[in-house]
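Structure data follow from protein_9.cif (mmCIF, C-alpha atoms):
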data_work
#
loop_
_atom_site.group_PDB
_atom_site.id
_atom_site.type_symbol
_atom_site.label_atom_id
_atom_site.label_comp_id
_atom_site.auth_asym_id
_atom_site.auth_seq_id
_atom_site.Cartn_x
_atom_site.Cartn_y
_atom_site.Cartn_z
ATOM 1 C CA MET A 433 -41.992 -111.131 -25.774
ATOM 2 C CA THR A 434 -39.419 -113.159 -23.805
ATOM 3 C CA ALA A 435 -41.073 -115.809 -21.686
ATOM 4 C CA PHE A 436 -40.222 -115.814 -18.012
ATOM 5 C CA HIS A 437 -38.832 -119.285 -17.345
ATOM 6 C CA VAL A 438 -35.766 -119.162 -15.162
ATOM 7 C CA MET A 439 -35.527 -122.414 -13.255
ATOM 8 C CA ALA A 440 -36.322 -124.691 -16.212
ATOM 9 C CA GLY A 441 -36.192 -124.402 -19.986
ATOM 10 C CA ALA A 442 -38.783 -123.204 -22.451
ATOM 11 C CA ASP A 443 -40.621 -126.524 -22.290
ATOM 12 C CA HIS A 444 -40.594 -126.369 -18.453
ATOM 13 C CA SER A 445 -38.357 -129.436 -18.234
ATOM 14 C CA PHE A 446 -34.971 -129.786 -16.546
ATOM 15 C CA THR A 447 -32.437 -130.673 -19.240
ATOM 16 C CA ARG A 448 -28.877 -131.765 -18.480
ATOM 17 C CA PRO A 449 -26.619 -131.184 -21.508
ATOM 18 C CA ALA A 450 -23.931 -133.831 -21.996
ATOM 19 C CA ILE A 451 -20.396 -132.844 -20.987
ATOM 20 C CA ARG A 452 -17.193 -133.773 -22.810
ATOM 21 C CA LYS A 453 -13.810 -134.538 -21.290
ATOM 22 C CA ILE A 454 -11.172 -132.171 -22.689
ATOM 23 C CA GLY A 455 -7.418 -131.675 -22.426
ATOM 24 C CA ILE A 456 -4.944 -128.807 -22.195
ATOM 25 C CA ALA A 457 -4.647 -128.775 -25.998
ATOM 26 C CA ASP A 458 -8.323 -127.822 -26.147
ATOM 27 C CA LEU A 459 -7.618 -124.758 -24.010
ATOM 28 C CA VAL A 460 -4.873 -123.664 -26.381
ATOM 29 C CA ASP A 461 -7.182 -124.232 -29.341
ATOM 30 C CA ALA A 462 -9.962 -122.201 -27.679
ATOM 31 C CA LEU A 463 -7.539 -119.314 -27.142
ATOM 32 C CA LYS A 464 -6.423 -119.474 -30.786
ATOM 33 C CA MET A 465 -10.044 -119.414 -31.942
ATOM 34 C CA GLY A 466 -10.771 -116.512 -29.594
ATOM 35 C CA LEU A 467 -7.828 -114.606 -31.045
ATOM 36 C CA ASP A 468 -9.101 -115.371 -34.541
ATOM 37 C CA ASP A 469 -12.544 -113.981 -33.664
ATOM 38 C CA PHE A 470 -10.943 -110.861 -32.229
ATOM 39 C CA SER A 471 -8.651 -110.433 -35.246
ATOM 40 C CA GLU A 472 -11.566 -110.325 -37.680
ATOM 41 C CA LYS A 473 -12.738 -106.870 -36.526
ATOM 42 C CA PRO A 474 -10.542 -105.813 -33.595
ATOM 43 C CA SER A 475 -11.533 -102.137 -33.715
ATOM 44 C CA HIS A 476 -15.161 -103.024 -33.033
ATOM 45 C CA TYR A 477 -14.262 -105.282 -30.131
ATOM 46 C CA VAL A 478 -11.825 -102.836 -28.575
ATOM 47 C CA PHE A 479 -14.570 -100.200 -28.752
ATOM 48 C CA LEU A 480 -17.020 -102.530 -27.022
ATOM 49 C CA CYS A 481 -14.523 -103.512 -24.329
ATOM 50 C CA LEU A 482 -13.212 -100.074 -23.417
ATOM 51 C CA MET A 483 -15.616 -100.379 -20.484
ATOM 52 C CA TYR A 484 -13.134 -102.714 -18.758
ATOM 53 C CA PRO A 485 -10.089 -100.410 -18.518
ATOM 54 C CA ILE A 486 -12.360 -97.415 -17.909
ATOM 55 C CA ALA A 487 -14.149 -99.267 -15.109
ATOM 56 C CA GLY A 488 -10.822 -100.381 -13.655
ATOM 57 C CA ILE A 489 -9.420 -96.865 -13.572
ATOM 58 C CA ALA A 490 -12.694 -95.507 -12.176
ATOM 59 C CA LEU A 491 -12.646 -98.076 -9.370
ATOM 60 C CA ALA A 492 -9.068 -97.161 -8.497
ATOM 61 C CA ILE A 493 -9.816 -93.422 -8.417
ATOM 62 C CA TRP A 494 -13.061 -93.973 -6.495
ATOM 63 C CA SER A 495 -11.300 -96.043 -3.838
ATOM 64 C CA THR A 496 -8.547 -93.449 -3.404
ATOM 65 C CA ASP A 497 -10.818 -90.421 -3.344
ATOM 66 C CA ARG A 498 -13.305 -91.974 -0.950
ATOM 67 C CA ASN A 499 -10.569 -93.105 1.438
ATOM 68 C CA LEU A 500 -11.483 -96.709 0.691
ATOM 69 C CA LEU A 501 -7.943 -97.858 -0.029
ATOM 70 C CA PRO A 502 -8.446 -101.166 1.813
ATOM 71 C CA LEU A 503 -11.008 -102.108 -0.841
ATOM 72 C CA LEU A 504 -8.848 -101.148 -3.823
ATOM 73 C CA PHE A 505 -7.350 -104.596 -4.423
ATOM 74 C CA PRO A 506 -10.586 -106.490 -3.580
ATOM 75 C CA LEU A 507 -12.451 -104.241 -6.033
ATOM 76 C CA MET A 508 -9.946 -104.811 -8.816
ATOM 77 C CA SER A 509 -9.576 -108.558 -8.270
ATOM 78 C CA GLY A 510 -13.284 -109.035 -7.587
ATOM 79 C CA PHE A 511 -14.149 -107.141 -10.758
ATOM 80 C CA ALA A 512 -12.832 -110.185 -12.636
ATOM 81 C CA LEU A 513 -15.607 -112.244 -11.017
ATOM 82 C CA LEU A 514 -18.068 -110.359 -13.190
ATOM 83 C CA GLY A 515 -16.177 -111.155 -16.387
ATOM 84 C CA PRO A 516 -18.320 -114.138 -17.484
ATOM 85 C CA MET A 517 -21.431 -111.966 -17.335
ATOM 86 C CA ALA A 518 -19.838 -108.864 -18.857
ATOM 87 C CA ALA A 519 -18.517 -110.821 -21.851
ATOM 88 C CA ILE A 520 -21.928 -112.059 -22.982
ATOM 89 C CA GLY A 521 -21.980 -109.662 -25.944
ATOM 90 C CA LEU A 522 -18.725 -111.212 -27.133
ATOM 91 C CA TYR A 523 -20.245 -114.688 -26.891
ATOM 92 C CA GLU A 524 -22.988 -113.467 -29.210
ATOM 93 C CA ILE A 525 -20.449 -112.200 -31.745
ATOM 94 C CA SER A 526 -18.646 -115.574 -31.692
ATOM 95 C CA ARG A 527 -21.951 -117.430 -31.979
ATOM 96 C CA ARG A 528 -22.931 -115.390 -35.018
ATOM 97 C CA ARG A 529 -19.552 -115.831 -36.675
ATOM 98 C CA GLU A 530 -19.797 -119.574 -36.086
ATOM 99 C CA LYS A 531 -23.089 -119.576 -37.990
ATOM 100 C CA GLY A 532 -21.762 -117.381 -40.802
ATOM 101 C CA LEU A 533 -23.939 -114.418 -39.786
ATOM 102 C CA ASP A 534 -23.086 -110.727 -39.752
ATOM 103 C CA THR A 535 -20.713 -109.890 -36.884
ATOM 104 C CA SER A 536 -21.043 -106.115 -36.788
ATOM 105 C CA TRP A 537 -20.422 -104.767 -33.274
ATOM 106 C CA SER A 538 -24.074 -103.766 -32.851
ATOM 107 C CA HIS A 539 -25.019 -107.454 -32.747
ATOM 108 C CA ALA A 540 -23.268 -107.728 -29.393
ATOM 109 C CA PHE A 541 -26.433 -106.196 -27.950
ATOM 110 C CA ASP A 542 -28.726 -108.767 -29.569
ATOM 111 C CA VAL A 543 -28.667 -110.693 -26.300
ATOM 112 C CA ARG A 544 -31.613 -108.527 -25.265
ATOM 113 C CA PHE A 545 -33.712 -110.519 -27.717
ATOM 114 C CA SER A 546 -32.661 -113.890 -26.291
ATOM 115 C CA PRO A 547 -35.540 -116.061 -25.001
ATOM 116 C CA ALA A 548 -33.234 -116.933 -22.091
ATOM 117 C CA LEU A 549 -32.814 -113.284 -21.056
ATOM 118 C CA PRO A 550 -34.572 -113.741 -17.662
ATOM 119 C CA SER A 551 -32.262 -116.661 -16.860
ATOM 120 C CA ILE A 552 -29.228 -114.639 -17.960
ATOM 121 C CA ILE A 553 -30.299 -111.773 -15.692
ATOM 122 C CA VAL A 554 -30.778 -114.100 -12.711
ATOM 123 C CA ALA A 555 -27.365 -115.713 -13.265
ATOM 124 C CA GLY A 556 -25.854 -112.243 -13.538
ATOM 125 C CA LEU A 557 -27.465 -111.150 -10.274
ATOM 126 C CA MET A 558 -26.092 -114.248 -8.554
ATOM 127 C CA LEU A 559 -22.605 -113.374 -9.788
ATOM 128 C CA LEU A 560 -23.047 -109.776 -8.658
ATOM 129 C CA GLY A 561 -24.124 -111.062 -5.246
ATOM 130 C CA LEU A 562 -20.930 -113.141 -5.018
ATOM 131 C CA PHE A 563 -18.915 -110.009 -5.849
ATOM 132 C CA ILE A 564 -20.629 -108.009 -3.086
ATOM 133 C CA VAL A 565 -20.073 -110.780 -0.523
ATOM 134 C CA TRP A 566 -16.378 -110.865 -1.511
ATOM 135 C CA LEU A 567 -16.073 -107.121 -0.853
ATOM 136 C CA PHE A 568 -17.748 -107.535 2.547
ATOM 137 C CA VAL A 569 -15.412 -110.392 3.507
ATOM 138 C CA ALA A 570 -12.319 -108.532 2.266
ATOM 139 C CA GLN A 571 -13.254 -105.449 4.278
ATOM 140 C CA ASN A 572 -13.664 -107.504 7.435
ATOM 141 C CA ILE A 573 -10.299 -109.194 6.900
ATOM 142 C CA TYR A 574 -8.720 -105.737 6.767
ATOM 143 C CA PHE A 575 -10.557 -104.624 9.933
ATOM 144 C CA LEU A 576 -9.369 -107.784 11.694
ATOM 145 C CA TYR A 577 -5.717 -106.825 11.265
ATOM 146 C CA PHE A 578 -5.741 -103.013 11.035
ATOM 147 C CA GLY A 579 -8.951 -101.912 12.708
ATOM 148 C CA ASP A 580 -11.054 -99.191 11.116
ATOM 149 C CA GLY A 581 -8.186 -96.783 10.558
ATOM 150 C CA VAL A 582 -6.878 -96.120 7.049
ATOM 151 C CA ALA A 583 -3.430 -94.866 5.995
ATOM 152 C CA PRO A 584 -3.595 -91.262 4.718
ATOM 153 C CA THR A 585 -1.825 -91.947 1.398
ATOM 154 C CA LEU A 586 -1.521 -94.773 -1.090
ATOM 155 C CA SER A 587 2.220 -95.133 -0.432
ATOM 156 C CA SER A 588 1.803 -95.359 3.348
ATOM 157 C CA PHE A 589 -1.050 -97.821 2.901
ATOM 158 C CA ALA A 590 1.110 -99.987 0.623
ATOM 159 C CA SER A 591 3.966 -99.804 3.113
ATOM 160 C CA SER A 592 1.787 -100.935 6.027
ATOM 161 C CA VAL A 593 0.456 -103.846 3.983
ATOM 162 C CA LEU A 594 3.760 -104.996 2.473
ATOM 163 C CA THR A 595 6.189 -104.448 5.347
ATOM 164 C CA THR A 596 4.332 -105.379 8.538
ATOM 165 C CA PRO A 597 3.397 -108.784 10.012
ATOM 166 C CA GLU A 598 -0.247 -107.696 10.062
ATOM 167 C CA GLY A 599 -0.097 -106.805 6.395
ATOM 168 C CA MET A 600 1.496 -110.103 5.427
ATOM 169 C CA ALA A 601 -1.095 -112.063 7.420
ATOM 170 C CA MET A 602 -3.905 -110.049 5.850
ATOM 171 C CA MET A 603 -2.589 -110.760 2.345
ATOM 172 C CA LEU A 604 -2.189 -114.457 3.135
ATOM 173 C CA TRP A 605 -5.759 -114.865 4.351
ATOM 174 C CA GLY A 606 -7.149 -112.486 1.758
ATOM 175 C CA ASP A 607 -5.509 -114.389 -1.092
ATOM 176 C CA ALA A 608 -6.628 -117.747 0.299
ATOM 177 C CA ILE A 609 -10.249 -116.678 0.743
ATOM 178 C CA GLY A 610 -10.211 -114.794 -2.554
ATOM 179 C CA PHE A 611 -9.065 -118.000 -4.245
ATOM 180 C CA VAL A 612 -12.142 -119.764 -2.865
ATOM 181 C CA PHE A 613 -14.415 -117.042 -4.274
ATOM 182 C CA ALA A 614 -12.667 -117.262 -7.655
ATOM 183 C CA LEU A 615 -13.005 -121.044 -7.634
ATOM 184 C CA VAL A 616 -16.734 -120.837 -6.906
ATOM 185 C CA ALA A 617 -17.223 -118.280 -9.680
ATOM 186 C CA LEU A 618 -15.252 -120.372 -12.169
ATOM 187 C CA ALA A 619 -16.951 -123.661 -11.321
ATOM 188 C CA THR A 620 -20.462 -122.212 -11.490
ATOM 189 C CA THR A 621 -20.085 -120.026 -14.592
ATOM 190 C CA ILE A 622 -17.541 -121.615 -16.939
ATOM 191 C CA VAL A 623 -20.331 -122.520 -19.366
ATOM 192 C CA THR A 624 -23.380 -120.911 -17.737
ATOM 193 C CA PHE A 625 -23.704 -117.744 -19.824
ATOM 194 C CA PRO A 626 -22.667 -119.217 -23.197
ATOM 195 C CA LEU A 627 -25.051 -122.140 -22.626
ATOM 196 C CA LEU A 628 -27.960 -119.837 -21.794
ATOM 197 C CA LEU A 629 -27.230 -117.762 -24.877
ATOM 198 C CA ASP A 630 -27.104 -120.900 -27.009
ATOM 199 C CA ARG A 631 -30.017 -122.799 -25.433
ATOM 200 C CA ASP A 632 -32.841 -121.726 -23.163
ATOM 201 C CA VAL A 633 -32.284 -124.459 -20.568
ATOM 202 C CA GLY A 634 -32.902 -122.398 -17.412
ATOM 203 C CA VAL A 635 -30.369 -121.005 -14.962
ATOM 204 C CA VAL A 636 -30.316 -124.077 -12.690
ATOM 205 C CA ALA A 637 -29.531 -126.415 -15.580
ATOM 206 C CA ALA A 638 -26.857 -124.013 -16.848
ATOM 207 C CA ILE A 639 -25.111 -123.797 -13.468
ATOM 208 C CA ASP A 640 -25.453 -127.566 -13.075
ATOM 209 C CA ALA A 641 -23.717 -127.990 -16.452
ATOM 210 C CA SER A 642 -20.887 -125.692 -15.339
ATOM 211 C CA ILE A 643 -20.338 -127.653 -12.144
ATOM 212 C CA ARG A 644 -20.394 -130.971 -14.027
ATOM 213 C CA ALA A 645 -17.960 -129.593 -16.612
ATOM 214 C CA THR A 646 -15.617 -128.600 -13.776
ATOM 215 C CA LEU A 647 -15.869 -131.953 -11.992
ATOM 216 C CA THR A 648 -15.353 -133.841 -15.259
ATOM 217 C CA ASN A 649 -12.343 -131.699 -16.220
ATOM 218 C CA PRO A 650 -10.760 -130.490 -12.954
ATOM 219 C CA VAL A 651 -7.248 -130.021 -14.327
ATOM 220 C CA PRO A 652 -8.169 -128.250 -17.609
ATOM 221 C CA VAL A 653 -10.643 -125.983 -15.781
ATOM 222 C CA ALA A 654 -8.026 -125.140 -13.141
ATOM 223 C CA VAL A 655 -5.465 -124.370 -15.854
ATOM 224 C CA TRP A 656 -8.054 -122.227 -17.647
ATOM 225 C CA GLY A 657 -8.603 -120.266 -14.435
ATOM 226 C CA LEU A 658 -4.848 -119.675 -14.127
ATOM 227 C CA ILE A 659 -4.653 -118.573 -17.768
ATOM 228 C CA VAL A 660 -7.499 -116.107 -17.265
ATOM 229 C CA ALA A 661 -5.942 -114.743 -14.057
ATOM 230 C CA ALA A 662 -2.509 -114.343 -15.678
ATOM 231 C CA LEU A 663 -3.901 -112.595 -18.764
ATOM 232 C CA LEU A 664 -6.028 -110.266 -16.638
ATOM 233 C CA VAL A 665 -2.952 -109.272 -14.629
ATOM 234 C CA LEU A 666 -1.049 -108.602 -17.856
ATOM 235 C CA GLY A 667 -4.051 -106.650 -19.129
ATOM 236 C CA THR A 668 -3.779 -104.172 -16.275
ATOM 237 C CA ILE A 669 -0.408 -103.009 -17.629
ATOM 238 C CA PRO A 670 -0.223 -100.165 -18.350
ATOM 239 C CA ILE A 671 -3.062 -98.540 -16.381
ATOM 240 C CA PHE A 672 -5.569 -101.255 -17.329
ATOM 241 C CA ALA A 673 -5.403 -100.387 -21.054
ATOM 242 C CA GLY A 674 -4.419 -103.938 -21.967
ATOM 243 C CA LEU A 675 -7.816 -105.161 -20.786
ATOM 244 C CA ALA A 676 -9.332 -103.672 -23.943
ATOM 245 C CA VAL A 677 -7.527 -106.435 -25.849
ATOM 246 C CA VAL A 678 -7.318 -109.194 -23.235
ATOM 247 C CA MET A 679 -10.995 -109.168 -22.297
ATOM 248 C CA PRO A 680 -12.435 -109.597 -25.808
ATOM 249 C CA ILE A 681 -9.978 -112.388 -26.612
ATOM 250 C CA LEU A 682 -10.891 -114.187 -23.385
ATOM 251 C CA GLY A 683 -14.587 -113.584 -24.050
ATOM 252 C CA HIS A 684 -14.422 -115.136 -27.501
ATOM 253 C CA ALA A 685 -12.202 -117.965 -26.251
ATOM 254 C CA SER A 686 -14.727 -118.719 -23.500
ATOM 255 C CA TRP A 687 -17.401 -119.282 -26.138
ATOM 256 C CA HIS A 688 -15.183 -121.793 -27.951
ATOM 257 C CA LEU A 689 -14.304 -123.470 -24.653
ATOM 258 C CA TYR A 690 -18.036 -123.869 -24.043
ATOM 259 C CA ARG A 691 -18.335 -125.578 -27.427
ATOM 260 C CA LYS A 692 -15.596 -128.002 -26.428
ATOM 261 C CA LEU A 693 -17.070 -128.749 -22.997
ATOM 262 C CA VAL A 694 -20.767 -129.109 -23.848
ATOM 263 C CA VAL A 695 -22.028 -131.554 -26.453
ATOM 264 C CA ALA A 696 -23.944 -129.748 -29.199
ATOM 265 C CA GLN A 697 -27.711 -130.093 -29.352
ATOM 266 C CA ASP A 698 -29.006 -132.534 -31.980
#
Any chance you could give the structure as structure tokens?
Amino acid sequence: MTAFHVMAGADHSFTRPAIRKIGIADLVDALKMGLDDFSEKPSHYVFLCLMYPIAGIALAIWSTDRNLLPLLFPLMSGFALLGPMAAIGLYEISRRREKGLDTSWSHAFDVRFSPALPSIIVAGLMLLGLFIVWLFVAQNIYFLYFGDGVAPTLSSFASSVLTTPEGMAMMLWGDAIGFVFALVALATTIVTFPLLLDRDVGVVAAIDASIRATLTNPVPVAVWGLIVAALLVLGTIPIFAGLAVVMPILGHASWHLYRKLVVAQD
């Protein structure tokens, strides 16, 4: 049975994995390796990652039907905050392929056997909490400029946002604050979930490693964030279907980026 040790590792000690300094070429190499992982059995990975376009479409329909149009963009952009947690099955596939083990799609669910599962759950809940706070902040930004009224249709809502001074100000502040949320998510999770899957170091040590990796490599990490954002935008075309390809490639690439950022255990 999985031991419950969240704050520290299995030996109840606080371990700080060594961090490497990387360059932009390492990001390109990680993406190539992620594409290679995906290319091995793409049908399996597309099947696993259909949840992303389906979830995206469901969020869009839910927002429209429930008259929650102001939350449509925050929901879609904030959904990307959960990516590092949602891709953990893909990390497992890459880890197994790295070791020469069977990479059948069913092994993506082997994370449930990980001794670090409690830590992974806690880190996931923290990320979910960040997502919920982002939605709350985004809603209040909308209320600040438009009050509690909502345009009756999607087209009229888009018009009020894109063609009025209030809409432009709302987008400016929303994008700026959203960038801060994205930065926090990136800096605290860039290696957190792959590290926990690879080593049972505890959630605090894993987040600490992510922050140190970001501070050691500010430019590469920032470029990685831009790459992820750009690919996710491309993946939404058409009607989010591209996410079924983009997300698994990014998931696999994130595992290889972790390998480049964190020194392997002796």
- Task: Within 9 Å of Ala637 (chain A), counting only C-alpha atoms, which residues show up once you throw out same-chain ones fewer than 2 positions away? Write them as a PyMOL selection string, please.
- Result: chain A and resi 439-441+446-449+624+633-635+639-642
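Omitting Leu629 (chain A) and its sequence neighbours fewer than 4 positions away, and counting all atoms listed in the file, the residues within 7 Å are Ser546, Ala548 and Phe625 of chain A.
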Taking 4 positions as the minimum chain separation for residues in the same chain, which residues sit within 10 Å of region 608-611 of chain A when counting all atoms listed in the file? Answer as a ChimeraX atom specification. /A:506,509-510,566-567,569-570,573,602-604,615-617
Could the residues in this selection be saved with C-alpha atoms as a PDB file, keeping the file's coordinate frame?
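As written to disk, out-v6.pdb reads:
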ATOM      1  CA  PRO A 506     -10.586-106.490  -3.580  1.00  0.00           C
ATOM      2  CA  SER A 509      -9.576-108.558  -8.270  1.00  0.00           C
ATOM      3  CA  GLY A 510     -13.284-109.035  -7.587  1.00  0.00           C
ATOM      4  CA  TRP A 566     -16.378-110.865  -1.511  1.00  0.00           C
ATOM      5  CA  LEU A 567     -16.073-107.121  -0.853  1.00  0.00           C
ATOM      6  CA  VAL A 569     -15.412-110.392   3.507  1.00  0.00           C
ATOM      7  CA  ALA A 570     -12.319-108.532   2.266  1.00  0.00           C
ATOM      8  CA  ILE A 573     -10.299-109.194   6.900  1.00  0.00           C
ATOM      9  CA  MET A 602      -3.905-110.049   5.850  1.00  0.00           C
ATOM     10  CA  MET A 603      -2.589-110.760   2.345  1.00  0.00           C
ATOM     11  CA  LEU A 604      -2.189-114.457   3.135  1.00  0.00           C
ATOM     12  CA  LEU A 615     -13.005-121.044  -7.634  1.00  0.00           C
ATOM     13  CA  VAL A 616     -16.734-120.837  -6.906  1.00  0.00           C
ATOM     14  CA  ALA A 617     -17.223-118.280  -9.680  1.00  0.00           C
TER      15      ALA A 617
END
One decimal place gives the CA of His688 (chain A)-CA of Met465 (chain A) separation as 6.9 Å
Exercise on region 636-641 of chain A, axis-aligned box with 3 Å per side, report centre and edge lengths in Å to one decimal, as JSON:
{"center_x": -27.0, "center_y": -125.9, "center_z": -14.8, "size_x": 12.6, "size_y": 10.2, "size_z": 10.2}
Per-residue nearest contacts of region 499-577 of chain A to region 648-664 of chain A (12 Å; all atoms listed in the file) as CSV:
residue,atom,partner,partner_atom,distance
A:Met508,CA,A:Leu664,CA,10.3
A:Ser509,CA,A:Ala661,CA,9.2
A:Gly510,CA,A:Ala661,CA,11.3
A:Phe511,CA,A:Leu664,CA,10.5
A:Ala512,CA,A:Leu664,CA,7.9
A:Leu513,CA,A:Ala661,CA,10.4
A:Gly515,CA,A:Val660,CA,10.0
A:Pro516,CA,A:Val660,CA,11.0
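Between CA of Thr621 (chain A) and CA of Leu693 (chain A) lies a distance of 12.5 Å.
Each of A:Leu459, A:Phe589, A:Ser551, A:Ile681 was checked against Val636 (chain A) using all atoms listed in the file; the smallest atom-to-atom distance is that of A:Ser551.
For the pair CA of Phe470 (chain A) and CA of Pro680 (chain A), the separation is 6.7 Å.
Among A:Phe568, A:Tyr577, A:Trp687, A:Phe563, the residue with the shortest atom-to-atom distance to Ile622 (chain A), counting all atoms listed in the file, is A:Trp687.
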Using all atoms listed in the file, the shortest atom-to-atom distance to Ile553 (chain A) among A:Met600, A:Leu666, A:Ala518, A:Ala619 belongs to A:Ala518
*Can you tell me, as a PyMOL selection string, what residues are no more than 12 Å from Asp461 (chain A) when counting all atoms listed in the file, ignoring any on the same chain fewer than 2 positions away?*
chain A and resi 454-459+463-468+656+684-689+691-692
Could you give me, as a VMD selection string, the residues within 10 Å of Asp580 (chain A), counting only C-alpha atoms and dropping anything in the same chain fewer than 5 positions from it? chain A and resid 502 571 to 572 574 to 575
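For the set A:Ile564, A:Ile669, A:Ala614, A:Ile525, the residue with the smallest atom-to-atom gap to Leu503 (chain A) is A:Ile564, counting only C-alpha atoms.
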So which residues get picked by the PyMOL selection byres ((chain A and resi 593) around 12) here, written as a PDB file with C-alpha atoms, in the coordinates of the input?
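Full text of out38.pdb as output:
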ATOM      1  CA  LEU A 501      -7.943 -97.858  -0.029  1.00  0.00           C
ATOM      2  CA  PRO A 502      -8.446-101.166   1.813  1.00  0.00           C
ATOM      3  CA  PHE A 505      -7.350-104.596  -4.423  1.00  0.00           C
ATOM      4  CA  TYR A 574      -8.720-105.737   6.767  1.00  0.00           C
ATOM      5  CA  TYR A 577      -5.717-106.825  11.265  1.00  0.00           C
ATOM      6  CA  PHE A 578      -5.741-103.013  11.035  1.00  0.00           C
ATOM      7  CA  VAL A 582      -6.878 -96.120   7.049  1.00  0.00           C
ATOM      8  CA  ALA A 583      -3.430 -94.866   5.995  1.00  0.00           C
ATOM      9  CA  LEU A 586      -1.521 -94.773  -1.090  1.00  0.00           C
ATOM     10  CA  SER A 587       2.220 -95.133  -0.432  1.00  0.00           C
ATOM     11  CA  SER A 588       1.803 -95.359   3.348  1.00  0.00           C
ATOM     12  CA  PHE A 589      -1.050 -97.821   2.901  1.00  0.00           C
ATOM     13  CA  ALA A 590       1.110 -99.987   0.623  1.00  0.00           C
ATOM     14  CA  SER A 591       3.966 -99.804   3.113  1.00  0.00           C
ATOM     15  CA  SER A 592       1.787-100.935   6.027  1.00  0.00           C
ATOM     16  CA  LEU A 594       3.760-104.996   2.473  1.00  0.00           C
ATOM     17  CA  THR A 595       6.189-104.448   5.347  1.00  0.00           C
ATOM     18  CA  THR A 596       4.332-105.379   8.538  1.00  0.00           C
ATOM     19  CA  PRO A 597       3.397-108.784  10.012  1.00  0.00           C
ATOM     20  CA  GLU A 598      -0.247-107.696  10.062  1.00  0.00           C
ATOM     21  CA  GLY A 599      -0.097-106.805   6.395  1.00  0.00           C
ATOM     22  CA  MET A 600       1.496-110.103   5.427  1.00  0.00           C
ATOM     23  CA  ALA A 601      -1.095-112.063   7.420  1.00  0.00           C
ATOM     24  CA  MET A 602      -3.905-110.049   5.850  1.00  0.00           C
ATOM     25  CA  MET A 603      -2.589-110.760   2.345  1.00  0.00           C
ATOM     26  CA  LEU A 604      -2.189-114.457   3.135  1.00  0.00           C
ATOM     27  CA  GLY A 606      -7.149-112.486   1.758  1.00  0.00           C
TER      28      GLY A 606
END
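Take the candidates A:Ile552, A:Leu627, A:Thr535, A:Gly561 and check each one against Tyr690 (chain A) using only C-alpha atoms; the shortest distance goes to A:Leu627.
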Please fill the gaps in region 646-657 of chain A so it has N, CA and C atoms, and write that as a CSV table (one decimal), in the coordinates of the input.
chain,number,residue,atom,x,y,z
A,646,THR,N,-16.8,-128.8,-14.7
A,646,THR,CA,-15.6,-128.6,-13.8
A,646,THR,C,-15.2,-129.9,-13.1
A,647,LEU,N,-16.2,-130.7,-12.6
A,647,LEU,CA,-15.9,-132.0,-12.0
A,647,LEU,C,-15.3,-133.0,-13.0
A,648,THR,N,-15.8,-132.9,-14.2
A,648,THR,CA,-15.4,-133.8,-15.3
A,648,THR,C,-14.0,-133.5,-15.8
A,649,ASN,N,-13.6,-132.2,-15.7
A,649,ASN,CA,-12.3,-131.7,-16.2
A,649,ASN,C,-11.6,-130.8,-15.2
A,650,PRO,N,-11.3,-131.3,-14.0
A,650,PRO,CA,-10.8,-130.5,-13.0
A,650,PRO,C,-9.4,-129.8,-13.3
A,651,VAL,N,-8.6,-130.6,-14.0
A,651,VAL,CA,-7.2,-130.0,-14.3
A,651,VAL,C,-7.4,-129.0,-15.4
A,652,PRO,N,-8.0,-129.3,-16.6
A,652,PRO,CA,-8.2,-128.2,-17.6
A,652,PRO,C,-8.9,-127.0,-17.1
A,653,VAL,N,-9.9,-127.2,-16.3
A,653,VAL,CA,-10.6,-126.0,-15.8
A,653,VAL,C,-9.7,-125.2,-14.9
A,654,ALA,N,-9.0,-125.9,-14.0
A,654,ALA,CA,-8.0,-125.1,-13.1
A,654,ALA,C,-7.0,-124.4,-14.0
A,655,VAL,N,-6.5,-125.0,-15.0
A,655,VAL,CA,-5.5,-124.4,-15.9
A,655,VAL,C,-6.1,-123.2,-16.6
A,656,TRP,N,-7.4,-123.3,-17.0
A,656,TRP,CA,-8.1,-122.2,-17.6
A,656,TRP,C,-8.2,-121.0,-16.7
A,657,GLY,N,-8.5,-121.3,-15.4
A,657,GLY,CA,-8.6,-120.3,-14.4
A,657,GLY,C,-7.3,-119.5,-14.3
